[in-house]
$ cat input.txt   # compact mmCIF, C-alpha atoms
# COMPACT_ATOMS: atom_id res chain seq x y z
CA MET B 1 -3.61 52.43 -35.82
CA ASN B 2 -7.17 52.00 -34.57
CA ASP B 3 -5.87 51.49 -31.04
CA ILE B 4 -3.98 54.78 -31.24
CA VAL B 5 -7.07 56.61 -32.46
CA LYS B 6 -9.16 55.13 -29.64
CA LEU B 7 -6.50 56.10 -27.12
CA LEU B 8 -6.36 59.67 -28.39
CA LYS B 9 -10.15 59.96 -28.18
CA LYS B 10 -9.94 59.13 -24.47
CA ALA B 11 -7.13 61.64 -23.86
CA PRO B 12 -8.02 64.59 -21.60
CA PRO B 13 -8.05 68.12 -23.07
CA THR B 14 -4.75 68.96 -21.38
CA ALA B 15 -2.99 66.04 -23.08
CA ILE B 16 -4.51 66.97 -26.46
CA PHE B 17 -3.34 70.55 -25.96
CA GLY B 18 0.15 69.34 -25.05
CA MET B 19 0.41 67.07 -28.09
CA VAL B 20 -0.78 69.82 -30.43
CA VAL B 21 1.78 72.26 -29.03
CA ILE B 22 4.58 69.69 -29.28
CA ALA B 23 3.57 68.88 -32.88
CA ILE B 24 3.69 72.58 -33.78
CA TYR B 25 7.13 72.96 -32.23
CA ILE B 26 8.42 69.92 -34.09
CA PHE B 27 7.00 71.20 -37.39
CA VAL B 28 8.56 74.65 -36.87
CA ALA B 29 11.92 73.15 -35.88
CA VAL B 30 12.07 70.79 -38.86
CA PHE B 31 10.87 73.30 -41.47
CA ALA B 32 12.48 76.43 -40.01
CA ASP B 33 14.20 77.23 -43.31
CA PHE B 34 10.82 77.43 -45.05
CA VAL B 35 8.75 78.96 -42.24
CA ALA B 36 11.08 81.79 -41.19
CA PRO B 37 10.73 84.99 -43.26
CA PHE B 38 14.45 85.77 -42.95
CA SER B 39 17.62 83.81 -42.26
CA GLU B 40 18.91 83.11 -38.76
CA THR B 41 21.73 85.68 -38.69
CA GLU B 42 20.68 88.19 -41.38
CA VAL B 43 20.64 91.84 -40.30
CA VAL B 44 17.46 93.16 -41.89
CA GLY B 45 16.79 96.50 -40.20
CA ASP B 46 17.71 98.93 -37.46
CA GLN B 47 18.14 97.94 -33.82
CA PHE B 48 14.99 97.33 -31.77
CA GLU B 49 12.46 98.17 -34.45
CA LEU B 50 8.85 98.02 -33.28
CA TRP B 51 6.40 95.25 -34.14
CA GLY B 52 4.83 95.65 -37.56
CA ASP B 53 5.27 94.98 -41.24
CA PRO B 54 7.60 93.42 -42.37
CA TYR B 55 9.00 92.57 -38.90
CA ILE B 56 6.05 91.00 -37.10
CA LEU B 57 7.89 90.84 -33.75
CA GLY B 58 10.30 93.66 -34.45
CA THR B 59 14.08 93.35 -34.53
CA ASP B 60 16.67 92.54 -31.89
CA ASN B 61 19.71 94.41 -30.60
CA LEU B 62 21.56 93.90 -33.90
CA GLY B 63 18.65 94.46 -36.25
CA ARG B 64 17.85 90.78 -36.89
CA ASP B 65 14.24 89.68 -37.32
CA MET B 66 12.94 88.42 -33.97
CA LEU B 67 10.32 86.08 -35.45
CA SER B 68 12.94 84.35 -37.60
CA ARG B 69 15.29 84.06 -34.64
CA ILE B 70 12.56 82.50 -32.50
CA ILE B 71 11.71 80.00 -35.24
CA TYR B 72 15.35 78.97 -35.66
CA GLY B 73 15.67 78.93 -31.88
CA ALA B 74 13.08 76.14 -31.81
CA ARG B 75 15.42 73.99 -33.89
CA ASN B 76 18.54 74.85 -31.91
CA THR B 77 17.28 74.93 -28.33
CA VAL B 78 14.79 72.06 -28.54
CA GLY B 79 17.04 69.91 -30.76
CA ILE B 80 20.06 70.20 -28.49
CA ALA B 81 17.92 69.64 -25.38
CA LEU B 82 16.52 66.46 -26.96
CA VAL B 83 19.98 65.14 -27.85
CA THR B 84 21.29 66.02 -24.38
CA THR B 85 18.39 64.22 -22.70
CA ALA B 86 19.02 61.16 -24.88
CA VAL B 87 22.70 61.17 -23.84
CA ALA B 88 21.71 61.44 -20.17
CA PHE B 89 19.35 58.47 -20.54
CA LEU B 90 21.82 56.31 -22.42
CA ILE B 91 24.44 56.82 -19.72
CA GLY B 92 22.16 56.76 -16.68
CA SER B 93 19.97 53.85 -17.80
CA PHE B 94 22.90 51.65 -18.79
CA PHE B 95 24.80 52.09 -15.55
CA GLY B 96 21.62 51.93 -13.46
CA LEU B 97 20.67 48.61 -15.05
CA LEU B 98 24.24 47.41 -14.68
CA ALA B 99 24.32 48.28 -10.97
CA ALA B 100 20.99 46.56 -10.28
CA THR B 101 21.86 43.44 -12.27
CA LEU B 102 25.39 42.86 -10.97
CA GLY B 103 24.92 44.22 -7.45
CA GLY B 104 27.77 43.85 -4.96
CA TRP B 105 30.81 46.08 -5.26
CA VAL B 106 29.78 47.31 -8.72
CA ASP B 107 26.52 48.66 -7.31
CA GLN B 108 28.31 50.24 -4.36
CA LEU B 109 31.00 51.86 -6.52
CA LEU B 110 28.59 53.32 -9.06
CA GLY B 111 26.25 54.45 -6.28
CA ARG B 112 28.98 56.34 -4.45
CA ILE B 113 30.18 58.05 -7.64
CA VAL B 114 26.64 59.22 -8.33
CA ASP B 115 26.22 60.41 -4.74
CA VAL B 116 29.35 62.55 -5.05
CA MET B 117 28.18 64.07 -8.34
CA MET B 118 24.71 64.83 -6.97
CA ALA B 119 26.21 66.51 -3.90
CA ILE B 120 27.65 69.26 -6.12
CA PRO B 121 25.15 71.97 -7.20
CA THR B 122 24.38 71.27 -10.85
CA LEU B 123 24.49 74.86 -12.09
CA ILE B 124 27.77 75.67 -10.34
CA PHE B 125 29.37 72.45 -11.59
CA ALA B 126 28.20 73.09 -15.18
CA LEU B 127 29.43 76.70 -15.12
CA LEU B 128 32.83 75.59 -13.81
CA VAL B 129 33.32 72.76 -16.30
CA LEU B 130 32.07 74.72 -19.31
CA THR B 131 34.34 77.63 -18.40
CA ILE B 132 37.31 75.22 -18.42
CA VAL B 133 36.51 73.06 -21.47
CA GLY B 134 34.71 75.66 -23.57
CA THR B 135 31.12 76.15 -24.64
CA SER B 136 30.97 74.24 -27.90
CA VAL B 137 27.79 72.30 -28.65
CA ILE B 138 29.53 68.95 -28.09
CA ASN B 139 30.89 70.04 -24.70
CA LEU B 140 27.48 71.42 -23.74
CA VAL B 141 25.72 68.16 -24.61
CA LEU B 142 28.27 65.95 -22.85
CA VAL B 143 28.56 68.03 -19.66
CA ILE B 144 24.81 68.44 -19.15
CA GLY B 145 24.14 64.87 -20.25
CA ILE B 146 26.56 63.47 -17.67
CA LEU B 147 25.20 65.73 -14.93
CA TYR B 148 21.59 64.72 -15.51
CA SER B 149 22.45 61.06 -15.99
CA THR B 150 22.78 60.79 -12.19
CA SER B 151 19.02 61.19 -11.68
CA VAL B 152 18.33 58.70 -14.46
CA PHE B 153 20.78 56.26 -12.85
CA ARG B 154 18.94 56.33 -9.55
CA LEU B 155 15.54 55.82 -11.18
CA ALA B 156 16.76 53.02 -13.48
CA ARG B 157 18.47 51.25 -10.59
CA ALA B 158 15.43 51.61 -8.30
CA VAL B 159 12.90 50.18 -10.76
CA SER B 160 15.33 47.48 -11.94
CA MET B 161 15.87 46.21 -8.40
CA ASN B 162 12.22 45.12 -8.37
CA VAL B 163 12.67 43.16 -11.60
CA VAL B 164 16.03 41.42 -11.15
CA VAL B 165 14.64 39.29 -8.32
CA LEU B 166 11.77 37.89 -10.39
CA ASP B 167 11.71 34.30 -11.61
CA PHE B 168 12.11 34.93 -15.34
CA VAL B 169 15.37 36.80 -14.72
CA GLU B 170 16.68 33.94 -12.61
CA VAL B 171 15.68 31.49 -15.35
CA ALA B 172 17.59 33.55 -17.93
CA LYS B 173 20.67 33.45 -15.72
CA LEU B 174 20.35 29.66 -15.30
CA ARG B 175 20.08 29.30 -19.08
CA GLY B 176 23.48 30.93 -19.30
CA GLU B 177 22.32 34.13 -20.97
CA GLY B 178 24.85 36.97 -21.02
CA LEU B 179 24.60 40.19 -19.05
CA LEU B 180 23.62 42.36 -22.00
CA TYR B 181 20.93 39.87 -23.09
CA ILE B 182 19.37 39.87 -19.61
CA ILE B 183 19.42 43.67 -19.45
CA ARG B 184 18.02 44.17 -22.95
CA HIS B 185 15.43 41.39 -23.16
CA GLU B 186 14.40 40.65 -19.59
CA ILE B 187 14.75 43.83 -17.53
CA LEU B 188 14.52 46.84 -19.86
CA PRO B 189 11.10 45.98 -21.42
CA ASN B 190 9.59 45.77 -17.92
CA ILE B 191 10.81 49.19 -16.77
CA LEU B 192 10.14 51.23 -19.92
CA PRO B 193 6.97 53.09 -18.74
CA PRO B 194 8.64 54.92 -15.82
CA LEU B 195 11.73 55.56 -17.94
CA VAL B 196 9.66 57.06 -20.77
CA ALA B 197 7.80 59.27 -18.32
CA GLU B 198 11.07 60.31 -16.74
CA PHE B 199 12.44 61.12 -20.21
CA GLY B 200 9.68 63.69 -20.70
CA LEU B 201 10.24 65.28 -17.31
CA ARG B 202 14.00 65.22 -17.67
CA PHE B 203 13.72 66.85 -21.09
CA CYS B 204 11.95 69.79 -19.43
CA PHE B 205 14.72 70.14 -16.86
CA VAL B 206 17.46 69.93 -19.50
CA PHE B 207 15.60 72.33 -21.77
CA LEU B 208 15.26 74.91 -18.99
CA PHE B 209 18.87 74.33 -17.88
CA ILE B 210 20.27 74.97 -21.36
CA SER B 211 18.16 78.11 -21.62
CA ALA B 212 19.48 79.28 -18.23
CA LEU B 213 23.08 78.67 -19.30
CA SER B 214 22.46 80.58 -22.52
CA PHE B 215 20.97 83.44 -20.52
CA LEU B 216 24.17 83.48 -18.44
CA GLY B 217 26.34 83.42 -21.58
CA LEU B 218 27.66 79.85 -21.33
CA GLY B 219 25.07 78.01 -23.43
CA LEU B 220 24.66 78.21 -27.18
CA GLN B 221 26.94 80.95 -28.46
CA PRO B 222 26.14 83.79 -30.88
CA PRO B 223 25.21 84.08 -33.67
CA THR B 224 23.25 80.84 -33.09
CA ALA B 225 19.62 81.62 -32.27
CA ASP B 226 18.72 80.43 -28.79
CA TRP B 227 15.75 81.43 -26.70
CA GLY B 228 17.74 81.86 -23.48
CA SER B 229 20.34 84.17 -25.04
CA MET B 230 17.58 86.07 -26.88
CA VAL B 231 16.01 86.99 -23.56
CA ARG B 232 19.36 88.30 -22.32
CA GLU B 233 20.18 90.22 -25.50
CA ASN B 234 16.85 92.05 -25.55
CA ALA B 235 16.21 92.36 -21.81
CA THR B 236 16.80 96.12 -21.91
CA LEU B 237 13.51 96.56 -23.78
CA ILE B 238 11.57 95.65 -20.63
CA THR B 239 12.55 98.98 -19.07
CA PHE B 240 10.80 100.74 -21.97
CA GLY B 241 7.60 98.71 -21.66
CA ASP B 242 8.36 96.48 -24.67
CA ILE B 243 7.41 92.83 -24.10
CA THR B 244 9.58 91.46 -26.93
CA PRO B 245 11.99 89.66 -24.52
CA LEU B 246 8.99 87.83 -23.05
CA VAL B 247 8.23 86.13 -26.38
CA PRO B 248 11.18 83.67 -26.29
CA ALA B 249 10.59 83.25 -22.54
CA GLY B 250 6.96 82.41 -23.31
CA ALA B 251 8.08 79.89 -25.95
CA ILE B 252 10.20 78.16 -23.28
CA ALA B 253 7.34 78.12 -20.77
CA LEU B 254 4.73 76.90 -23.28
CA LEU B 255 6.78 73.89 -24.37
CA THR B 256 7.57 72.98 -20.77
CA VAL B 257 3.88 73.05 -19.82
CA ALA B 258 2.90 71.05 -22.92
CA VAL B 259 5.43 68.29 -22.25
CA ASN B 260 4.31 68.06 -18.62
CA PHE B 261 0.67 67.69 -19.69
CA VAL B 262 1.56 64.76 -21.98
CA VAL B 263 3.81 63.12 -19.37
CA ASP B 264 1.07 63.38 -16.72
CA TRP B 265 -1.36 61.63 -19.06
CA PHE B 266 1.18 58.93 -19.90
CA LEU B 267 1.83 58.31 -16.20
CA HIS B 268 -1.91 58.01 -15.64
CA LEU B 269 -2.17 55.40 -18.42
CA THR B 270 0.81 53.31 -17.34
CA SER B 271 -0.04 53.41 -13.63
CA GLY B 272 -3.32 51.57 -14.23
CA LEU B 273 -5.34 54.25 -12.43
CA LYS B 274 -9.00 54.66 -13.41
CA ASP B 275 -11.06 57.84 -13.37

$ encode --input "input.txt" --output "structure tokens"
Amino acid sequence: MNDIVKLLKKAPPTAIFGMVVIAIYIFVAVFADFVAPFSETEVVGDQFELWGDPYILGTDNLGRDMLSRIIYGARNTVGIALVTTAVAFLIGSFFGLLAATLGGWVDQLLGRIVDVMMAIPTLIFALLVLTIVGTSVINLVLVIGILYSTSVFRLARAVSMNVVVLDFVEVAKLRGEGLLYIIRHEILPNILPPLVAEFGLRFCFVFLFISALSFLGLGLQPPTADWGSMVRENATLITFGDITPLVPAGAIALLTVAVNFVVDWFLHLTSGLKD
């Protein structure tokens, strides 16, 4: 605990800012039912009511409270992005480690499959697949997770290639240790820093991608509160000088910046660089 406190004291202001913002988002997402003044789908007033009491940020195109929708959107958008990123890392890291450890035809086969998937524009591929299989939450998580696992695969394979040739890995093989033991106990602990940093960056990409799909109508479906779809639903207000649609867009941008600040600091710590 003391080590953590000392580490936080040395953190730059940008990292502190990022951690505070992330903590606030987590708190709002977890306790949305208690923080939000109204429920997620409750129609509480007329369409597009102005900011004021009791609707601090006004109402949306159906008369739902915008503040409540944004609060619940933190749980939905951020939660699903986090799960999707975890799926991408489970798939990409496992197969990347497998390719680096086994090598040979396994490495070549997995590498060529990933090359083919990365050659297809991600947004077009996601739009096509989601149009075919449907836009349920499970389909959304699996499709985006598989698409983004390709980048994780290449990183995991690249950093693992520098570890599999080291003596302690060769000793583990000579001891007769199994493949999964070598991956879990010998290789994975030595490549965690770049993977953790990549997780933060990849979360930002996934988070923005889900918001973009929702804006296009193929992400989280109504009446679920989602920041991307909220921008689309209320975009007409911009023509009347109302900045309400910019509030969920600002929530997306703020979290992205905060995560990048923390990831930059973590990369600085793990790289061994000194000020």

$ closest_residue --input "input.txt" --among "B:Thr101, B:Ser160, B:Thr256, B:Ser136" --to "Leu195 of chain B" --atoms "only C-alpha atoms"
B:Ser160

$ atom_distance --input "input.txt" --atom1 "atom CA of Asp46 of chain B" --atom2 "atom CA of Gly73 of chain B"
20.9 Å

$ residues_around --input "input.txt" --residues "Phe17 of chain B" --least-positions-apart "3" --cutoff "10 Å" --atoms "only C-alpha atoms" --output "compact mmCIF listing (two decimals) with C-alpha atoms, in the frame of the given file"
# COMPACT_ATOMS: atom_id res chain seq x y z
CA ALA B 11 -7.13 61.64 -23.86
CA PRO B 12 -8.02 64.59 -21.60
CA PRO B 13 -8.05 68.12 -23.07
CA THR B 14 -4.75 68.96 -21.38
CA VAL B 20 -0.78 69.82 -30.43
CA VAL B 21 1.78 72.26 -29.03
CA ILE B 22 4.58 69.69 -29.28
CA ALA B 23 3.57 68.88 -32.88
CA VAL B 257 3.88 73.05 -19.82
CA ALA B 258 2.90 71.05 -22.92
CA VAL B 259 5.43 68.29 -22.25
CA PHE B 261 0.67 67.69 -19.69
CA VAL B 262 1.56 64.76 -21.98

$ closest_residue --input "input.txt" --among "B:Leu192, B:Asp226, B:Gly241, B:Leu218" --to "Val129 of chain B" --atoms "only C-alpha atoms"
B:Leu218

$ residues_around --input "input.txt" --residues "Phe209 of chain B" --least-positions-apart "4" --cutoff "9 Å" --atoms "all atoms listed in the file" --output "number ranges by chain"
B: 81, 123, 144, 204-205, 213-214

$ closest_residue --input "input.txt" --among "B:Pro37, B:Gly104, B:Pro193, B:Gly96" --to "Ile71 of chain B" --atoms "all atoms listed in the file"
B:Pro37

$ closest_residue --input "input.txt" --among "B:Val141, B:Val152, B:Ala119, B:Ala197" --to "His268 of chain B" --atoms "all atoms listed in the file"
B:Ala197
